[in-house]
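Trainee: Just dropping this structure here.
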Amino acid sequence: MSRAKDKILNKTIGQKIREARMNNVVYDKEIGMETDGQFLGTYKARKMTITQSKLGKALGVTFQQIQKYESGHNGLSLLKALQISNFFNKPLDYFTSDATELLEKVRPTDNSSVKVSESFENV
């Protein structure tokens with residue numbers, strides 16, 4: 001993949017990480033009672049921002065590394081992407097779908113990669 005595509009991919013995924021971190025929703029018990037360890041009642045949704053430090057601790061990295069992921073300066077390994085997906089309880093596709101669509105738009109129109117592979121086959 002070219003550096004331009006890497007940059008687009010990293011930046012897009014980083015924006016989705018920031019969006020998930022800033023718009024995290026938690027549910028608090030509002031009205032009801034506990035019966036046999038099960039809550040019977042209603043929950044109230046509350047928006048709760050997750051700090052870069054808290055996310056970093058959960059992933060085993062520093063807050064500076066989270067900053068680099070969010071800005072697109074550093075790319076994510078698959079393991080880190082899965083950990084982030086798990087942390088926010090969101091499918092991996094949530095973080096990558098926009099990036100995949102952008103990469104489709106930037107895909108080269110020539111068949112240079114095909115030509116290279118064909119030339120190796122001829123050797």
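Identifiers for the structure tokens are assigned positionally: chains receive A, B, ... in sequence, residues are indexed from 1 per chain, and ligands are indexed from 1 in the order shown.
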Find the residues near region 14-23 of chain A: any atom within 9 Å, counting only C-alpha atoms, skip ones fewer than 6 places away on the same chain, and give them as a ChimeraX atom specification.
Mentor: /A:47-52,55,66-76,84,88,90,94-96,98
Trainee: Enumerate as a list of chain:residue names all residues of region 10-115 of chain A assigned to strand (DSSP E) by DSSP on the backbone, naming them with the chain letters and numbers the document uses.
Mentor: A:Val25, A:Val26, A:Tyr27, A:Asp28, A:Lys29, A:Glu30, A:Ile31, A:Gly32, A:Met33, A:Glu34, A:Thr35, A:Gln38, A:Phe39, A:Leu40, A:Gly41, A:Thr42, A:Tyr43, A:Lys44, A:Ala45, A:Arg46, A:Lys47
Trainee: How many Å separate CA of Leu102 (chain A) from CA of Asn24 (chain A)?
Mentor: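 Spanning CA of Leu102 (chain A) to CA of Asn24 (chain A) is a straight-line distance of 24.9 Å.
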